[in-house]
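*Asks:* One structure coming up, written as structure tokens, with questions to follow.
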Amino acid sequence: MVTVKGRKSSNKNPPILSHEFIIQNHADIVSCVAMVFVVGLMVQVTSPWAYTFIAIHHNATTVPESTDGPILPLKYTTGWKDICAVFFYFLITIVMHAVIQEYIFDKISKRLHLSKSKHSKFNESSQLITFYILSAAWGIDIIMRDNLLVNITSLWEGYPGSMSFSLKLFFIAQLAYWLHSYPELYFQRAKKEEILPRIVLATFGLFFCAAAYILNFQHVGVILLVLHYVGEALQHGARLVHFVSHNEKTTQLAFLVANAAFVFARLATVALSGLVFFYGLGQIERSLDYTMGKFNIPAVQFGGLGAILLFQAYLFYSFIKRQMKFSRENKTQVVSKGKSKQKPRKKDAKDGKKSEDDDLPEVDQATKKNLRTRYSAKAK
């Protein structure tokens, strides 16, 4: 069992089963629940029940009659037992989130001495960039192993295709992660102004991953997720550079690369979605068969394309709104710095006279002083 030290807000131990007790020890509590399923595998009576939650089910591999031929790779489909697997890995995700936060990001943030607002944003970006990078690397490995980009027509010609073990586990992990984002709002004591953006982010992620998984668009879904995660990872990476780096040029370069990748990811997503949903699925037979997992009908075809395009438009709108906000903040900072540098000058006339005399050689300065004294004496 993984033991995680809770964050102590005071020296006194909170009452058992109180809100503070659950928040401080939620990782230990959840890990104990997960251990119940692991221990259940060791008992013969509960082994089938525990196996339903831990293992990957709905194997669709056709076993050849003769065992002399090559061993075929395992292929899987969707089914109701996937809900049990998502719940178990949902518990594991909560524990992993707490471990990474406690032993990595909390220690880094303490050394940076960030303010409360920046500390919350740092934790959010750190957790998201970790998830995005790991998911993007995992997705790229699946794309290369299944040759999805080499034979791009397989995205619609093989529909509905079966999944490899890695692809099925990938989507189960995606669903588990976005589901765990809801209780994390309670465990992390999220502020009121932070709750709505996080709920929107988790809801979008859960909706698109579940739709791609249930409607058997896993192959095109993993490509679209990789594009989205790469763009978002660079955005949060530039945000972390802004918190850590004190060099403006480094921050500007990081945001320049992140913004370019973000725009490319949106355009590539729109192009690939149009190719698959508008052109590709129209080339094959349109039918609706729940038993075979076929959902190639105009409602699903254009509904999926419309949902993706609307989501990309929403991301573009948020991106432009964020860039306009940053540009306003930069302008106000430049104006404030310019005003602070300008100091009022007094006694300009005297300064002008001194500057005129200072420009003359020493002999001429002495002569000019004598002439001034004589002129003032005659005047008197």
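By order in the structure tokens, chains are A, B, ...; within a chain, residues start at 1; ligands start at 1, following the order shown.
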If we count only C-alpha atoms, what is near Val276 (chain A) at a cut-off of 8 Å, once residues fewer than 6 positions away on the same chain are taken out, given as an MDAnalysis selection string?

*Replies:* chainID A and resid 155:156 220

*Asks:* Store the residues picked out above in a file with N, CA, C and O atoms, as a short mmCIF file (atom, residue, chain, number, x, y, z; two decimals), in the first residue's frame.

*Replies:*
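This went into part-v4.cif:
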```cif
data_model
loop_
_atom_site.label_atom_id
_atom_site.label_comp_id
_atom_site.auth_asym_id
_atom_site.auth_seq_id
_atom_site.Cartn_x
_atom_site.Cartn_y
_atom_site.Cartn_z
N LEU A 155 -8.58 4.23 -41.13
CA LEU A 155 -9.38 4.89 -40.12
C LEU A 155 -10.87 4.78 -40.41
O LEU A 155 -11.70 4.83 -39.50
N TRP A 156 -11.25 4.64 -41.69
CA TRP A 156 -12.67 4.46 -42.01
C TRP A 156 -12.96 3.13 -42.73
O TRP A 156 -14.06 2.60 -42.59
N VAL A 220 -9.16 6.93 -34.79
CA VAL A 220 -9.06 8.36 -35.10
C VAL A 220 -9.06 9.18 -33.81
O VAL A 220 -8.45 10.26 -33.75
#
```

*Asks:* What's the 8 Å shell around region 213-219 of chain A, counting only C-alpha atoms, without same-chain residues fewer than 6 positions away, as a PyMOL selection string?

*Replies:* chain A and resi 78+148+155+159-161+163+167+171+293-295

*Asks:* Keeping only N, CA, C and O atoms, write those residues as an mmCIF file, in the first residue's frame.

*Replies:*
```cif
data_model
loop_
_atom_site.group_PDB
_atom_site.id
_atom_site.type_symbol
_atom_site.label_atom_id
_atom_site.label_comp_id
_atom_site.auth_asym_id
_atom_site.auth_seq_id
_atom_site.Cartn_x
_atom_site.Cartn_y
_atom_site.Cartn_z
ATOM 1 N N THR A 78 -15.521 -3.189 -26.968
ATOM 2 C CA THR A 78 -16.082 -2.519 -25.796
ATOM 3 C C THR A 78 -17.147 -3.405 -25.149
ATOM 4 O O THR A 78 -17.702 -4.301 -25.786
ATOM 5 N N LEU A 148 -1.244 3.694 -38.026
ATOM 6 C CA LEU A 148 -2.460 4.439 -38.309
ATOM 7 C C LEU A 148 -2.233 5.561 -39.308
ATOM 8 O O LEU A 148 -3.102 5.854 -40.128
ATOM 9 N N LEU A 155 -8.579 4.227 -41.131
ATOM 10 C CA LEU A 155 -9.382 4.893 -40.116
ATOM 11 C C LEU A 155 -10.867 4.776 -40.407
ATOM 12 O O LEU A 155 -11.698 4.830 -39.502
ATOM 13 N N TYR A 159 -13.605 0.373 -40.150
ATOM 14 C CA TYR A 159 -14.601 0.662 -39.117
ATOM 15 C C TYR A 159 -15.718 -0.382 -39.143
ATOM 16 O O TYR A 159 -16.195 -0.745 -40.221
ATOM 17 N N PRO A 160 -16.147 -0.887 -37.990
ATOM 18 C CA PRO A 160 -15.592 -0.654 -36.652
ATOM 19 C C PRO A 160 -14.459 -1.642 -36.370
ATOM 20 O O PRO A 160 -14.678 -2.868 -36.361
ATOM 21 N N GLY A 161 -13.283 -1.146 -36.136
ATOM 22 C CA GLY A 161 -12.148 -2.024 -35.913
ATOM 23 C C GLY A 161 -11.995 -2.399 -34.452
ATOM 24 O O GLY A 161 -12.469 -1.703 -33.547
ATOM 25 N N MET A 163 -9.673 -3.218 -31.038
ATOM 26 C CA MET A 163 -8.588 -2.484 -30.378
ATOM 27 C C MET A 163 -7.490 -3.428 -29.920
ATOM 28 O O MET A 163 -7.762 -4.575 -29.527
ATOM 29 N N LEU A 167 -4.259 0.108 -26.814
ATOM 30 C CA LEU A 167 -5.248 1.125 -27.167
ATOM 31 C C LEU A 167 -6.435 1.078 -26.218
ATOM 32 O O LEU A 167 -6.944 2.124 -25.793
ATOM 33 N N PHE A 171 -7.588 4.213 -23.490
ATOM 34 C CA PHE A 171 -8.874 4.893 -23.329
ATOM 35 C C PHE A 171 -9.446 4.693 -21.930
ATOM 36 O O PHE A 171 -10.105 5.595 -21.397
ATOM 37 N N GLY A 293 -21.337 -3.028 -33.215
ATOM 38 C CA GLY A 293 -20.660 -1.788 -32.877
ATOM 39 C C GLY A 293 -20.568 -0.809 -34.027
ATOM 40 O O GLY A 293 -19.667 0.041 -34.041
ATOM 41 N N LYS A 294 -21.505 -0.881 -34.971
ATOM 42 C CA LYS A 294 -21.508 0.037 -36.106
ATOM 43 C C LYS A 294 -22.451 1.206 -35.820
ATOM 44 O O LYS A 294 -23.629 0.999 -35.519
ATOM 45 N N PHE A 295 -21.912 2.418 -35.935
ATOM 46 C CA PHE A 295 -22.716 3.621 -35.725
ATOM 47 C C PHE A 295 -22.502 4.595 -36.877
ATOM 48 O O PHE A 295 -22.475 5.810 -36.682
#
```

*Asks:* For Leu128 (chain A), please output as a list in words all residues within 10 Å (counting only C-alpha atoms; exclusion window: fewer than 6 positions along the same chain).

*Replies:* Phe122, Leu134, Tyr229, Glu232, Ala233, His236 and Gly237 of chain A

*Asks:* In Å to one decimal, how far is CA of Leu175 (chain A) from CA of Ser162 (chain A)?

*Replies:* 18.5 Å

*Asks:* Which residues are near region 297-314 of chain A? Cut-off 9 Å, only C-alpha atoms, ignore same chain within fewer than 6 positions. Put them as a ChimeraX atom specification.

*Replies:* /A:204,208,211,215,266-267,269-270,273-274,276-278,281-282,286-288

*Asks:* Which is closest to Ala190 (chain A) among A:Thr332, A:Asn25, A:Ser126, A:Ser117, if we use only C-alpha atoms?

*Replies:* A:Ser117

*Asks:* If you run DSSP on the backbone here, which positions in region 3-242 of chain A get strand (DSSP E)? Please write them as a list in words.

*Replies:*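 These are the residues in question: Lys75, Tyr76, Met163 and Ser164 of chain A.
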
*Asks:* Would you mind telling me which residue in A:Ile56, A:Ala136, A:Leu41, A:Ile284 lies nearest to Ser154 (chain A) when using only C-alpha atoms?

*Replies:*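 Smallest distance to Ser154 (chain A) is found for A:Ile284.
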
*Asks:* Report as a list in words all protein, DNA and RNA residues lying within 12 Å of Arg198 (chain A), evaluated on only C-alpha atoms, omitting residues in the same chain fewer than 4 positions from it.

*Replies:* Lys121, Glu124, Ser125, Leu128, Trp178, Leu179, His180, Ser181, Tyr182, Pro183, Glu184, Leu185, Tyr186, Gln188, Ala190, Lys191, Lys192, Glu193, Glu194, Ala202, Thr203, Phe204 and Gly205 of chain A
